[in-house]
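Listing of query.json, JSON, C-alpha atoms
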```json
[["chain", "number", "residue", "atom", "x", "y", "z"],
["T", 4, "SER", "CA", 0.00, 0.00, 0.00],
["T", 5, "LYS", "CA", 2.97, 2.32, 0.50],
["T", 6, "GLU", "CA", 3.84, 2.04, -3.17],
["T", 7, "VAL", "CA", 0.24, 2.75, -4.15],
["T", 8, "ARG", "CA", 0.12, 5.84, -1.92],
["T", 9, "GLU", "CA", 3.43, 7.14, -3.28],
["T", 10, "GLU", "CA", 2.23, 6.67, -6.85],
["T", 11, "LEU", "CA", -0.99, 8.55, -6.08],
["T", 12, "GLU", "CA", 1.04, 11.35, -4.51],
["T", 13, "ARG", "CA", 3.23, 11.54, -7.58],
["T", 14, "ARG", "CA", 0.24, 11.73, -9.92],
["T", 15, "THR", "CA", -1.78, 14.21, -7.87],
["T", 16, "GLY", "CA", 1.05, 16.32, -6.51],
["T", 17, "HIS", "CA", -0.43, 16.15, -2.99],
["T", 18, "SER", "CA", 0.73, 14.45, 0.19],
["T", 19, "LEU", "CA", -1.58, 11.62, 1.24],
["T", 20, "VAL", "CA", 0.17, 10.71, 4.49],
["T", 21, "GLN", "CA", -2.87, 11.73, 6.52],
["T", 22, "HIS", "CA", -4.94, 9.24, 4.47],
["T", 23, "LYS", "CA", -2.58, 6.31, 5.07],
["T", 24, "ASP", "CA", -5.03, 4.30, 7.20],
["T", 25, "PHE", "CA", -7.82, 4.79, 4.67],
["T", 26, "ILE", "CA", -5.61, 3.66, 1.78],
["T", 27, "ASP", "CA", -4.38, 0.64, 3.76],
["T", 28, "ASN", "CA", -7.96, -0.40, 4.56],
["T", 29, "GLU", "CA", -9.08, 0.01, 0.96],
["T", 30, "MET", "CA", -6.17, -2.12, -0.24],
["T", 31, "LEU", "CA", -7.10, -4.84, 2.24],
["T", 32, "LEU", "CA", -10.69, -4.75, 1.02],
["T", 33, "VAL", "CA", -9.59, -5.16, -2.59],
["T", 34, "LEU", "CA", -7.34, -8.08, -1.68],
["T", 35, "ALA", "CA", -10.13, -9.71, 0.32],
["T", 36, "GLN", "CA", -12.46, -9.52, -2.67],
["T", 37, "MET", "CA", -9.86, -11.35, -4.77],
["T", 38, "ASP", "CA", -9.19, -14.00, -2.12],
["T", 39, "ARG", "CA", -10.78, -17.44, -2.14],
["T", 40, "PRO", "CA", -11.91, -19.19, 1.04],
["T", 41, "SER", "CA", -9.29, -21.42, 2.64],
["T", 42, "CYS", "CA", -10.02, -25.10, 3.25],
["T", 43, "ILE", "CA", -8.89, -25.65, 6.84],
["T", 44, "PHE", "CA", -10.45, -29.11, 7.21],
["T", 45, "PRO", "CA", -12.51, -31.14, 4.72],
["T", 46, "HIS", "CA", -15.68, -29.86, 6.40],
["T", 47, "LEU", "CA", -14.57, -26.30, 7.16],
["T", 48, "TYR", "CA", -13.66, -23.26, 5.09],
["T", 49, "LEU", "CA", -12.37, -19.96, 6.48],
["T", 50, "GLY", "CA", -13.06, -16.81, 4.50],
["T", 51, "SER", "CA", -14.25, -13.25, 4.19],
["T", 52, "GLU", "CA", -17.48, -11.31, 3.80],
["T", 53, "TRP", "CA", -17.11, -11.56, 0.03],
["T", 54, "ASN", "CA", -16.81, -15.33, 0.15],
["T", 55, "ALA", "CA", -20.02, -15.40, 2.20],
["T", 56, "ALA", "CA", -21.73, -13.28, -0.48],
["T", 57, "ASN", "CA", -20.55, -15.36, -3.44],
["T", 58, "LEU", "CA", -23.37, -17.85, -4.00],
["T", 59, "GLU", "CA", -21.70, -19.58, -6.94],
["T", 60, "GLU", "CA", -18.52, -20.15, -4.93],
["T", 61, "LEU", "CA", -20.48, -21.41, -1.92],
["T", 62, "GLN", "CA", -22.32, -23.91, -4.10],
["T", 63, "GLN", "CA", -19.12, -25.02, -5.83],
["T", 64, "ASN", "CA", -17.58, -25.73, -2.42],
["T", 65, "ARG", "CA", -20.77, -27.57, -1.36],
["T", 66, "VAL", "CA", -21.20, -25.37, 1.70],
["T", 67, "THR", "CA", -24.28, -26.20, 3.78],
["T", 68, "HIS", "CA", -23.72, -24.09, 6.92],
["T", 69, "ILE", "CA", -22.35, -20.58, 7.50],
["T", 70, "LEU", "CA", -20.92, -19.27, 10.77],
["T", 71, "ASN", "CA", -20.99, -15.47, 10.62],
["T", 72, "VAL", "CA", -18.61, -14.00, 13.23],
["T", 73, "ALA", "CA", -19.28, -10.31, 12.57],
["T", 74, "ARG", "CA", -21.68, -7.83, 14.09],
["T", 75, "GLU", "CA", -21.74, -5.54, 11.05],
["T", 76, "ILE", "CA", -22.46, -8.17, 8.38],
["T", 77, "ASP", "CA", -25.90, -9.61, 7.68],
["T", 78, "ASN", "CA", -26.60, -13.14, 6.45],
["T", 79, "PHE", "CA", -26.76, -13.03, 2.65],
["T", 80, "PHE", "CA", -28.72, -16.21, 1.88],
["T", 81, "PRO", "CA", -30.80, -17.18, 4.94],
["T", 82, "ALA", "CA", -33.18, -19.27, 2.84],
["T", 83, "LEU", "CA", -30.38, -21.37, 1.33],
["T", 84, "PHE", "CA", -27.97, -22.12, 4.19],
["T", 85, "THR", "CA", -28.08, -22.88, 7.90],
["T", 86, "TYR", "CA", -26.62, -19.90, 9.74],
["T", 87, "MET", "CA", -25.18, -19.21, 13.15],
["T", 88, "ASN", "CA", -24.29, -15.65, 14.16],
["T", 89, "VAL", "CA", -21.75, -14.43, 16.69],
["T", 90, "ARG", "CA", -22.24, -10.67, 16.69],
["T", 91, "VAL", "CA", -18.98, -9.10, 17.83],
["T", 92, "TYR", "CA", -16.71, -6.39, 16.43],
["T", 93, "ASP", "CA", -13.01, -6.87, 15.73],
["T", 94, "GLU", "CA", -11.89, -5.06, 18.87],
["T", 95, "GLU", "CA", -9.41, -6.11, 21.54],
["T", 96, "THR", "CA", -12.11, -5.76, 24.20],
["T", 97, "ALA", "CA", -14.64, -7.91, 22.32],
["T", 98, "GLN", "CA", -15.47, -11.22, 24.01],
["T", 99, "LEU", "CA", -15.40, -14.29, 21.77],
["T", 100, "LEU", "CA", -14.60, -16.89, 24.40],
["T", 101, "PRO", "CA", -18.18, -17.10, 25.79],
["T", 102, "HIS", "CA", -19.38, -18.15, 22.33],
["T", 103, "TRP", "CA", -16.84, -20.89, 21.64],
["T", 104, "ASN", "CA", -18.78, -23.75, 23.17],
["T", 105, "ASP", "CA", -21.77, -22.96, 20.94],
["T", 106, "THR", "CA", -19.60, -22.53, 17.84],
["T", 107, "PHE", "CA", -17.89, -25.83, 18.63],
["T", 108, "LEU", "CA", -21.25, -27.60, 18.81],
["T", 109, "PHE", "CA", -22.35, -25.98, 15.54],
["T", 110, "LEU", "CA", -19.20, -27.00, 13.66],
["T", 111, "SER", "CA", -19.12, -30.47, 15.22],
["T", 112, "HIS", "CA", -22.67, -31.01, 13.98],
["T", 113, "VAL", "CA", -21.60, -29.94, 10.49],
["T", 114, "ARG", "CA", -18.80, -32.50, 10.55],
["T", 115, "ALA", "CA", -20.96, -35.30, 11.95],
["T", 116, "SER", "CA", -23.74, -34.68, 9.43],
["T", 117, "GLY", "CA", -21.40, -34.70, 6.44],
["T", 118, "GLY", "CA", -21.91, -31.01, 5.72],
["T", 119, "ARG", "CA", -19.48, -28.20, 5.04],
["T", 120, "ALA", "CA", -19.23, -24.86, 6.82],
["T", 121, "LEU", "CA", -17.87, -21.48, 5.86],
["T", 122, "VAL", "CA", -16.67, -19.51, 8.88],
["T", 123, "HIS", "CA", -16.27, -15.83, 8.06],
["T", 124, "CYS", "CA", -16.00, -12.33, 9.44],
["T", 125, "ARG", "CA", -15.14, -9.28, 7.35],
["T", 126, "MET", "CA", -11.68, -10.32, 6.18],
["T", 127, "GLY", "CA", -11.30, -13.89, 7.44],
["T", 128, "LEU", "CA", -8.25, -12.90, 9.49],
["T", 129, "SER", "CA", -9.19, -12.17, 13.10],
["T", 130, "ARG", "CA", -12.66, -12.93, 14.51],
["T", 131, "SER", "CA", -13.46, -15.94, 12.33],
["T", 132, "ALA", "CA", -9.86, -17.17, 12.49],
["T", 133, "ALA", "CA", -9.87, -17.09, 16.30],
["T", 134, "THR", "CA", -13.13, -19.04, 16.30],
["T", 135, "VAL", "CA", -11.69, -21.69, 13.97],
["T", 136, "LEU", "CA", -8.59, -21.94, 16.16],
["T", 137, "ALA", "CA", -10.76, -22.48, 19.24],
["T", 138, "TYR", "CA", -12.73, -25.17, 17.40],
["T", 139, "ALA", "CA", -9.56, -26.99, 16.30],
["T", 140, "MET", "CA", -8.14, -26.91, 19.82],
["T", 141, "LYS", "CA", -11.23, -28.56, 21.27],
["T", 142, "GLU", "CA", -12.09, -30.92, 18.40],
["T", 143, "PHE", "CA", -8.61, -32.39, 18.03],
["T", 144, "GLY", "CA", -7.11, -31.78, 21.47],
["T", 145, "TRP", "CA", -4.48, -29.48, 20.01],
["T", 146, "PRO", "CA", -2.51, -26.85, 21.92],
["T", 147, "LEU", "CA", -2.83, -23.32, 20.58],
["T", 148, "GLU", "CA", 0.58, -23.42, 18.91],
["T", 149, "ARG", "CA", -0.29, -26.50, 16.87],
["T", 150, "ALA", "CA", -3.69, -25.09, 15.89],
["T", 151, "LEU", "CA", -2.04, -21.85, 14.76],
["T", 152, "ARG", "CA", 0.53, -23.75, 12.73],
["T", 153, "HIS", "CA", -2.14, -25.75, 10.92],
["T", 154, "VAL", "CA", -4.53, -22.87, 10.27],
["T", 155, "ARG", "CA", -1.73, -20.57, 9.05],
["T", 156, "HIS", "CA", -0.46, -23.33, 6.79],
["T", 157, "CYS", "CA", -3.89, -23.27, 5.14],
["T", 158, "ARG", "CA", -4.41, -19.48, 5.36],
["T", 159, "PRO", "CA", -1.12, -17.60, 5.96],
["T", 160, "SER", "CA", -2.81, -14.22, 6.47],
["T", 161, "VAL", "CA", -4.57, -15.32, 9.69],
["T", 162, "LEU", "CA", -3.94, -12.75, 12.45],
["T", 163, "PRO", "CA", -6.34, -12.65, 15.42],
["T", 164, "ASN", "CA", -6.13, -9.39, 17.33],
["T", 165, "PRO", "CA", -4.18, -9.41, 20.65],
["T", 166, "GLY", "CA", -7.37, -9.59, 22.71],
["T", 167, "PHE", "CA", -8.51, -12.73, 20.90],
["T", 168, "MET", "CA", -5.05, -14.26, 21.26],
["T", 169, "ARG", "CA", -5.25, -13.74, 25.03],
["T", 170, "GLN", "CA", -8.67, -15.39, 25.06],
["T", 171, "LEU", "CA", -7.31, -18.33, 23.05],
["T", 172, "ASP", "CA", -4.47, -18.74, 25.53],
["T", 173, "PHE", "CA", -6.98, -18.71, 28.40],
["T", 174, "TYR", "CA", -9.21, -21.16, 26.52],
["T", 175, "GLN", "CA", -6.23, -23.48, 26.13],
["T", 176, "GLY", "CA", -5.96, -23.57, 29.92],
["T", 177, "ILE", "CA", -9.67, -24.29, 30.27],
["T", 178, "LEU", "CA", -9.47, -27.19, 27.81],
["T", 179, "HIS", "CA", -6.36, -28.58, 29.49],
["T", 180, "ALA", "CA", -8.03, -28.46, 32.89],
["T", 181, "SER", "CA", -11.22, -30.10, 31.60],
["T", 182, "ARG", "CA", -9.26, -32.97, 30.04],
["T", 183, "HIS", "CA", -7.46, -33.64, 33.28],
["T", 184, "SER", "CA", -10.28, -32.89, 35.71],
["T", 185, "SER", "CA", -10.88, -36.63, 36.18],
["T", 186, "LEU", "CA", -7.53, -36.83, 37.94],
["T", 187, "TRP", "CA", -8.99, -34.70, 40.74],
["T", 188, "GLU", "CA", -12.38, -36.41, 41.02],
["T", 189, "PRO", "CA", -12.98, -39.10, 43.65],
["T", 190, "ARG", "CA", -13.16, -42.56, 42.08],
["T", 191, "PRO", "CA", -14.37, -45.91, 43.38],
["T", 192, "ALA", "CA", -11.41, -47.89, 44.65],
["T", 193, "GLU", "CA", -11.88, -50.57, 42.03],
["T", 194, "GLN", "CA", -11.96, -48.13, 39.12],
["T", 195, "ALA", "CA", -8.53, -47.33, 37.73],
["T", 196, "PRO", "CA", -8.04, -43.88, 36.18],
["T", 197, "GLN", "CA", -7.98, -43.84, 32.39],
["T", 198, "PRO", "CA", -5.06, -42.20, 30.56],
["T", 199, "ALA", "CA", -5.74, -38.69, 29.26],
["T", 200, "GLU", "CA", -6.68, -38.55, 25.61],
["T", 201, "SER", "CA", -3.73, -37.55, 23.43],
["T", 202, "PRO", "CA", -4.07, -34.96, 20.66],
["T", 203, "ARG", "CA", -5.59, -36.31, 17.46],
["T", 204, "ALA", "CA", -4.64, -35.60, 13.89],
["T", 205, "ALA", "CA", -7.22, -33.71, 11.90],
["T", 206, "PRO", "CA", -8.52, -35.26, 8.67],
["T", 207, "GLY", "CA", -5.87, -34.69, 6.03],
["T", 208, "GLU", "CA", -3.48, -33.12, 8.53],
["T", 209, "GLU", "CA", -0.71, -35.63, 7.89],
["T", 210, "ALA", "CA", 0.32, -33.61, 4.85],
["T", 211, "ASP", "CA", 0.84, -30.59, 7.10],
["T", 212, "ARG", "CA", 3.44, -32.25, 9.30]]
```
Can the structure in the file be given as structure tokens, please?
Amino acid sequence: SKEVREELERRTGHSLVQHKDFIDNEMLLVLAQMDRPSCIFPHLYLGSEWNAANLEELQQNRVTHILNVAREIDNFFPALFTYMNVRVYDEETAQLLPHWNDTFLFLSHVRASGGRALVHCRMGLSRSAATVLAYAMKEFGWPLERALRHVRHCRPSVLPNPGFMRQLDFYQGILHASRHSSLWEPRPAEQAPQPAESPRAAPGEEADR
């Protein structure tokens, strides 16, 4: 975007430094419109507002469900797809964590029923990406680092805002505690404790190792 701004300055003869943020945002919007949704798992795509509005692309990808993680974006095809909405803004103070159990259940149902979901926000970088990371951590027993590695392998531009990253780190602790809570529960003397479940590979993840 710096090169674009400098070229505009050269052509117009005016400094556009004060419009830097506007130009950067417009460039991101253009790139998002050119971007295709990223296949994170066989049943899950991660994308942008424009992917959610592209009916032909949705049908080509055999999408059946759409998880809309944006307060400012309406559902484009409510008569054609099953929607779930998480209405938050991309702000560091926004709370996504309280929604992650419901989004996990929604996406787990998609997987179990043989459907395909598109998870999107405005750009497919922060809100929706954080939600997909939370899903992967719970579905496959992955730590945050492994989930990030896999999702960024599929969509390198993923960048949840710092507030969402803190919530993901906290969520990792919640999941870890829940998996090991049985170690702290009283058990009948004759019942031996079962080993904790180890992280599972996602479908098709072997190629990512």
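In this structure, atom CA of T:His183 sits 20.1 Å away from atom CA of T:Gln170.
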Within 7 Å of stretch 153-162 of chain T using all atoms listed in the file, minus same-chain residues under 3 positions, as a count of residues only: 9
Computed interatomic separation between atom CA of T:His112 and atom CA of T:His46 (Å):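 According to the coordinates, atom CA of T:His112 and atom CA of T:His46 are separated by 10.4 Å.
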Within 12 Å of T:Val66 using only C-alpha atoms, minus same-chain residues under 3 positions, as a PyMOL selection string: chain T and resi 40+42+45-49+54-55+57-63+69-70+80+83-86+113-114+117-122
Please produce a file of those selected residues containing C-alpha atoms, as a compact mmCIF listing (two decimals), keeping the file's coordinate frame.
```txt
# COMPACT_ATOMS: atom_id res chain seq x y z
CA PRO T 40 -11.91 -19.19 1.04
CA CYS T 42 -10.02 -25.10 3.25
CA PRO T 45 -12.51 -31.14 4.72
CA HIS T 46 -15.68 -29.86 6.40
CA LEU T 47 -14.57 -26.30 7.16
CA TYR T 48 -13.66 -23.26 5.09
CA LEU T 49 -12.37 -19.96 6.48
CA ASN T 54 -16.81 -15.33 0.15
CA ALA T 55 -20.02 -15.40 2.20
CA ASN T 57 -20.55 -15.36 -3.44
CA LEU T 58 -23.37 -17.85 -4.00
CA GLU T 59 -21.70 -19.58 -6.94
CA GLU T 60 -18.52 -20.15 -4.93
CA LEU T 61 -20.48 -21.41 -1.92
CA GLN T 62 -22.32 -23.91 -4.10
CA GLN T 63 -19.12 -25.02 -5.83
CA ILE T 69 -22.35 -20.58 7.50
CA LEU T 70 -20.92 -19.27 10.77
CA PHE T 80 -28.72 -16.21 1.88
CA LEU T 83 -30.38 -21.37 1.33
CA PHE T 84 -27.97 -22.12 4.19
CA THR T 85 -28.08 -22.88 7.90
CA TYR T 86 -26.62 -19.90 9.74
CA VAL T 113 -21.60 -29.94 10.49
CA ARG T 114 -18.80 -32.50 10.55
CA GLY T 117 -21.40 -34.70 6.44
CA GLY T 118 -21.91 -31.01 5.72
CA ARG T 119 -19.48 -28.20 5.04
CA ALA T 120 -19.23 -24.86 6.82
CA LEU T 121 -17.87 -21.48 5.86
CA VAL T 122 -16.67 -19.51 8.88
```
Interatomic distance, atom CA of T:Tyr138 to atom CA of T:Ser111 (Å, one decimal): 8.6 Å
Residue nearest T:Ala97 - candidates T:Tyr174, T:Val72, T:Val135, T:Arg125, atoms counted: only C-alpha atoms: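 Of T:Tyr174, T:Val72, T:Val135, T:Arg125, the one nearest T:Ala97, counting only C-alpha atoms, is T:Val72.
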From T:Phe167, T:Arg74, T:Lys141, T:Gly50, residue lying nearest T:Glu95 [all atoms listed in the file]: T:Phe167
Contact residues around T:Ala137 with all atoms listed in the file at 12 Å, ignoring same-chain residues under 5 positions, as a ChimeraX atom specification: /T:99-108,110,130-132,142-151,154,163,167-178
Using the structure just given, write a file holding C-alpha atoms for stretch 19-113 of chain T, as an mmCIF file, in the first residue's frame.
```cif
data_model
loop_
_atom_site.group_PDB
_atom_site.id
_atom_site.type_symbol
_atom_site.label_atom_id
_atom_site.label_comp_id
_atom_site.auth_asym_id
_atom_site.auth_seq_id
_atom_site.Cartn_x
_atom_site.Cartn_y
_atom_site.Cartn_z
ATOM 1 C CA LEU T 19 -1.576 11.623 1.242
ATOM 2 C CA VAL T 20 0.171 10.707 4.495
ATOM 3 C CA GLN T 21 -2.873 11.726 6.522
ATOM 4 C CA HIS T 22 -4.937 9.244 4.474
ATOM 5 C CA LYS T 23 -2.577 6.306 5.066
ATOM 6 C CA ASP T 24 -5.026 4.298 7.199
ATOM 7 C CA PHE T 25 -7.821 4.795 4.672
ATOM 8 C CA ILE T 26 -5.611 3.659 1.778
ATOM 9 C CA ASP T 27 -4.381 0.645 3.761
ATOM 10 C CA ASN T 28 -7.960 -0.402 4.564
ATOM 11 C CA GLU T 29 -9.080 0.008 0.964
ATOM 12 C CA MET T 30 -6.173 -2.123 -0.241
ATOM 13 C CA LEU T 31 -7.098 -4.844 2.241
ATOM 14 C CA LEU T 32 -10.691 -4.745 1.023
ATOM 15 C CA VAL T 33 -9.591 -5.158 -2.592
ATOM 16 C CA LEU T 34 -7.338 -8.078 -1.681
ATOM 17 C CA ALA T 35 -10.129 -9.711 0.316
ATOM 18 C CA GLN T 36 -12.462 -9.523 -2.673
ATOM 19 C CA MET T 37 -9.856 -11.347 -4.770
ATOM 20 C CA ASP T 38 -9.193 -14.000 -2.122
ATOM 21 C CA ARG T 39 -10.782 -17.436 -2.142
ATOM 22 C CA PRO T 40 -11.908 -19.189 1.044
ATOM 23 C CA SER T 41 -9.287 -21.420 2.642
ATOM 24 C CA CYS T 42 -10.022 -25.096 3.252
ATOM 25 C CA ILE T 43 -8.890 -25.654 6.841
ATOM 26 C CA PHE T 44 -10.449 -29.111 7.213
ATOM 27 C CA PRO T 45 -12.509 -31.145 4.721
ATOM 28 C CA HIS T 46 -15.679 -29.863 6.399
ATOM 29 C CA LEU T 47 -14.573 -26.299 7.162
ATOM 30 C CA TYR T 48 -13.663 -23.256 5.086
ATOM 31 C CA LEU T 49 -12.373 -19.963 6.484
ATOM 32 C CA GLY T 50 -13.057 -16.812 4.498
ATOM 33 C CA SER T 51 -14.251 -13.250 4.193
ATOM 34 C CA GLU T 52 -17.479 -11.312 3.802
ATOM 35 C CA TRP T 53 -17.111 -11.561 0.033
ATOM 36 C CA ASN T 54 -16.808 -15.331 0.149
ATOM 37 C CA ALA T 55 -20.018 -15.401 2.196
ATOM 38 C CA ALA T 56 -21.734 -13.276 -0.478
ATOM 39 C CA ASN T 57 -20.547 -15.363 -3.440
ATOM 40 C CA LEU T 58 -23.373 -17.847 -4.005
ATOM 41 C CA GLU T 59 -21.697 -19.576 -6.941
ATOM 42 C CA GLU T 60 -18.520 -20.154 -4.930
ATOM 43 C CA LEU T 61 -20.484 -21.413 -1.923
ATOM 44 C CA GLN T 62 -22.321 -23.905 -4.103
ATOM 45 C CA GLN T 63 -19.121 -25.021 -5.831
ATOM 46 C CA ASN T 64 -17.584 -25.734 -2.424
ATOM 47 C CA ARG T 65 -20.769 -27.566 -1.360
ATOM 48 C CA VAL T 66 -21.197 -25.365 1.701
ATOM 49 C CA THR T 67 -24.277 -26.204 3.782
ATOM 50 C CA HIS T 68 -23.716 -24.092 6.916
ATOM 51 C CA ILE T 69 -22.347 -20.584 7.497
ATOM 52 C CA LEU T 70 -20.925 -19.273 10.768
ATOM 53 C CA ASN T 71 -20.991 -15.469 10.624
ATOM 54 C CA VAL T 72 -18.609 -13.997 13.225
ATOM 55 C CA ALA T 73 -19.281 -10.306 12.568
ATOM 56 C CA ARG T 74 -21.680 -7.831 14.093
ATOM 57 C CA GLU T 75 -21.736 -5.543 11.053
ATOM 58 C CA ILE T 76 -22.456 -8.175 8.376
ATOM 59 C CA ASP T 77 -25.898 -9.613 7.678
ATOM 60 C CA ASN T 78 -26.605 -13.138 6.449
ATOM 61 C CA PHE T 79 -26.756 -13.027 2.650
ATOM 62 C CA PHE T 80 -28.722 -16.213 1.877
ATOM 63 C CA PRO T 81 -30.795 -17.182 4.945
ATOM 64 C CA ALA T 82 -33.182 -19.268 2.838
ATOM 65 C CA LEU T 83 -30.380 -21.367 1.330
ATOM 66 C CA PHE T 84 -27.968 -22.118 4.185
ATOM 67 C CA THR T 85 -28.080 -22.880 7.898
ATOM 68 C CA TYR T 86 -26.621 -19.901 9.736
ATOM 69 C CA MET T 87 -25.182 -19.215 13.151
ATOM 70 C CA ASN T 88 -24.292 -15.653 14.159
ATOM 71 C CA VAL T 89 -21.754 -14.427 16.689
ATOM 72 C CA ARG T 90 -22.244 -10.674 16.687
ATOM 73 C CA VAL T 91 -18.980 -9.096 17.827
ATOM 74 C CA TYR T 92 -16.712 -6.385 16.433
ATOM 75 C CA ASP T 93 -13.014 -6.873 15.731
ATOM 76 C CA GLU T 94 -11.888 -5.060 18.873
ATOM 77 C CA GLU T 95 -9.407 -6.114 21.540
ATOM 78 C CA THR T 96 -12.105 -5.764 24.198
ATOM 79 C CA ALA T 97 -14.640 -7.915 22.318
ATOM 80 C CA GLN T 98 -15.467 -11.222 24.012
ATOM 81 C CA LEU T 99 -15.398 -14.286 21.768
ATOM 82 C CA LEU T 100 -14.602 -16.892 24.396
ATOM 83 C CA PRO T 101 -18.181 -17.100 25.793
ATOM 84 C CA HIS T 102 -19.377 -18.151 22.328
ATOM 85 C CA TRP T 103 -16.837 -20.887 21.637
ATOM 86 C CA ASN T 104 -18.782 -23.750 23.171
ATOM 87 C CA ASP T 105 -21.767 -22.956 20.942
ATOM 88 C CA THR T 106 -19.600 -22.529 17.835
ATOM 89 C CA PHE T 107 -17.888 -25.832 18.633
ATOM 90 C CA LEU T 108 -21.252 -27.601 18.808
ATOM 91 C CA PHE T 109 -22.354 -25.977 15.538
ATOM 92 C CA LEU T 110 -19.196 -26.998 13.657
ATOM 93 C CA SER T 111 -19.117 -30.469 15.224
ATOM 94 C CA HIS T 112 -22.669 -31.008 13.985
ATOM 95 C CA VAL T 113 -21.602 -29.944 10.493
#
```
